[in-house]
Amino acid sequence: MSDPNRLDQLTPVLKNYLVEPYFVEDYGIVQKVYSDKGTFALKKIAPTTGTDFIRHVHLLYQKGFNRIVPIYPTMDGRYAVLHENNLYYLMPWMSNDQKEDREHRNLQLFREIARLHTLSAKEITVNKEERTEHYEKTIQQLEKQQEFLDGFIDECEKKTYMSPFELLYCLYYNEISQALRFSKSKFEEWYESTKENDKARMVITHGKLSSEHFLYDDKGYGYFINFENARYGSPIHDLLPYLSRALNTNPKRNDTSVDWVYHYLKYFPFKADEKLLFFSYLALPVPIMQVAESYYRKRGHKNELKFVRQLQHRYWHLKNSEYVVMRMTEIDAQQQQAKEGAQPQS
């Protein structure tokens, strides 16, 4: 249903585009506008977000990447309108009536984000001292986390009667520790292979990669929306949160996630050091360590059931991530062997 008040509120915004709205449907921060010029999506964002992201969108268009829902300019060339303490920008409305299975959609999303990364990739100069400082800080942090894990298990084991949470933590401790050590070893390998290098590869990252931010038009082509968090950074910043959410399920051998990553790498191959960093971050058992820490720090009455459930779920996340990392390191080793085997003997 269209709300007449909302229509009155948005008419001054749409006037900037010479669009006369007939009625408006509310989709939260996006409004579906039916008008004399067709159907549009009008998105409201906080003014603090600013319009810097539009520069990234334009740059991608200039580089030939057109799988982004276009942002229309106003009649005087602005790409956002400030009205009553909110910024608004206008796009065509995407039907998103895609009948394909979800798996196909995910593969298309990974292919397009790989193309986006390829077209926007650039080499930047890295200060070696800064890289060393970042490395030392991270190692220190990982060692502190290991200290906490060790200290907490010591405390639990001293007790005559452990709580259900403490008992479960003792059961999981070895695997959490193992994941942390693996993550640290990959991070050390990354540093060893890059410490003499003063170059690094940056891409425009979407910043909020999600299947909800990848919509389809009537012809079945997928387009990205929601670029407000776009910035230059490492390509793994787009992949990790997406995979982390996908792995947040009951325990399962998640081969589909492995397929997504290799589908992405077909279009944007990682360099050896980028892969090491990717493995290090993917293996890092942050969610389960956070639960253990918040249980340990909570004073007074603790809701054991709630904490035990959280620990259980985060453990499944840890095991799912572990499967993907191990499967990928296996595939990588096989590919490396095949490469070496194919080289002529001197």
# chains A, B, ... in the order shown; residues from 1 in each chain; ligands from 1
>>> select_by_dssp(residues="stretch 6-248 of chain A", states="alpha helix (DSSP H)", output="number ranges by chain")
A: 6-15, 52-62, 102-120, 128-158, 164-194, 236-246
>>> closest_atom_pairs(of="stretch 127-161 of chain A", to="stretch 287-299 of chain A", cutoff="10 Å", atoms="only C-alpha atoms", output="JSON lines")
{"residue": "A:Gln145", "atom": "CA", "partner": "A:Met289", "partner_atom": "CA", "distance": 7.9}
{"residue": "A:Gln146", "atom": "CA", "partner": "A:Met289", "partner_atom": "CA", "distance": 9.6}
{"residue": "A:Phe148", "atom": "CA", "partner": "A:Glu293", "partner_atom": "CA", "distance": 8.1}
{"residue": "A:Leu149", "atom": "CA", "partner": "A:Met289", "partner_atom": "CA", "distance": 7.9}
{"residue": "A:Phe152", "atom": "CA", "partner": "A:Tyr296", "partner_atom": "CA", "distance": 7.8}
>>> write_last_selection(atoms="N, CA and C atoms", output="CSV table (one decimal), in the first residue's frame")
chain,number,residue,atom,x,y,z
A,145,GLN,N,46.0,-14.5,22.6
A,145,GLN,CA,44.8,-15.3,22.5
A,145,GLN,C,45.2,-16.8,22.9
A,146,GLN,N,46.4,-17.2,22.5
A,146,GLN,CA,46.8,-18.6,22.9
A,146,GLN,C,47.0,-18.6,24.5
A,148,PHE,N,45.4,-16.9,26.7
A,148,PHE,CA,44.1,-16.9,27.3
A,148,PHE,C,43.5,-18.4,27.2
A,149,LEU,N,43.6,-19.0,26.1
A,149,LEU,CA,43.1,-20.4,25.9
A,149,LEU,C,43.8,-21.3,26.9
A,152,PHE,N,42.7,-20.4,30.6
A,152,PHE,CA,41.3,-20.8,30.9
A,152,PHE,C,41.2,-22.3,31.1
>>> residues_around(residues="stretch 311-318 of chain A", least_positions_apart="5", cutoff="8 Å", atoms="only C-alpha atoms", output="list in words")
Phe165, Tyr169, Tyr172, Ile176, Ser244, Leu247, Asn248, Thr249, Asn250, Pro251, Ala283, Pro285, Pro287, Ile288, Val291 and Ala292 of chain A
>>> residues_around(residues="A:Leu109", least_positions_apart="2", cutoff="10 Å", atoms="only C-alpha atoms", output="MDAnalysis selection string")
chainID A and resid 103:107 111:115 209:211 213:215 222:224 260 263:264
>>> closest_residue(among="A:Val19, A:Phe187, A:Met94, A:Asp273", to="A:Lys137", atoms="only C-alpha atoms")
A:Phe187
>>> select_by_dssp(residues="stretch 64-193 of chain A", states="strand (DSSP E)", output="number ranges by chain")
A: 81-83, 86-92, 122-125
>>> atom_distance(atom1="atom CA of A:Ser95", atom2="atom CA of A:Gly28")
17.0 Å
>>> residues_around(residues="A:His134", least_positions_apart="5", cutoff="12 Å", atoms="only C-alpha atoms", output="list of chain:residue names")
A:Val126, A:Asn127, A:Lys128, A:Glu129, A:Ile139, A:Gln140, A:Gln141, A:Phe187, A:Glu188, A:Tyr191, A:Lys195
>>> atom_distance(atom1="atom CA of A:Leu240", atom2="atom CA of A:Phe279")
9.9 Å
>>> closest_atom_pairs(of="stretch 135-233 of chain A", to="stretch 44-62 of chain A", cutoff="10 Å", atoms="only C-alpha atoms", output="Markdown table")
| residue | atom | partner | partner_atom | distance |
| --- | --- | --- | --- | --- |
| A:Ile204 | CA | A:His56 | CA | 7.3 |
| A:Thr205 | CA | A:His56 | CA | 9.4 |
| A:His206 | CA | A:His56 | CA | 9.5 |
| A:Asn226 | CA | A:Phe53 | CA | 9.6 |
| A:Phe227 | CA | A:Phe53 | CA | 6.3 |
| A:Glu228 | CA | A:Phe53 | CA | 5.4 |
| A:Asn229 | CA | A:Phe53 | CA | 6.9 |
| A:Ala230 | CA | A:Phe53 | CA | 5.8 |
| A:Arg231 | CA | A:His56 | CA | 7.3 |
| A:Tyr232 | CA | A:His56 | CA | 8.8 |
>>> atom_distance(atom1="atom CA of A:Ala342", atom2="atom CA of A:Asp259")
24.5 Å
>>> residues_around(residues="A:Met328", least_positions_apart="5", cutoff="10 Å", atoms="only C-alpha atoms", output="JSON, numbers by chain")
{"A": [255, 258, 259, 261, 262, 275, 279, 322, 323, 333, 334]}
>>> closest_residue(among="A:Arg309, A:Glu175, A:Leu276, A:Leu82", to="A:Pro12", atoms="only C-alpha atoms")
A:Leu82
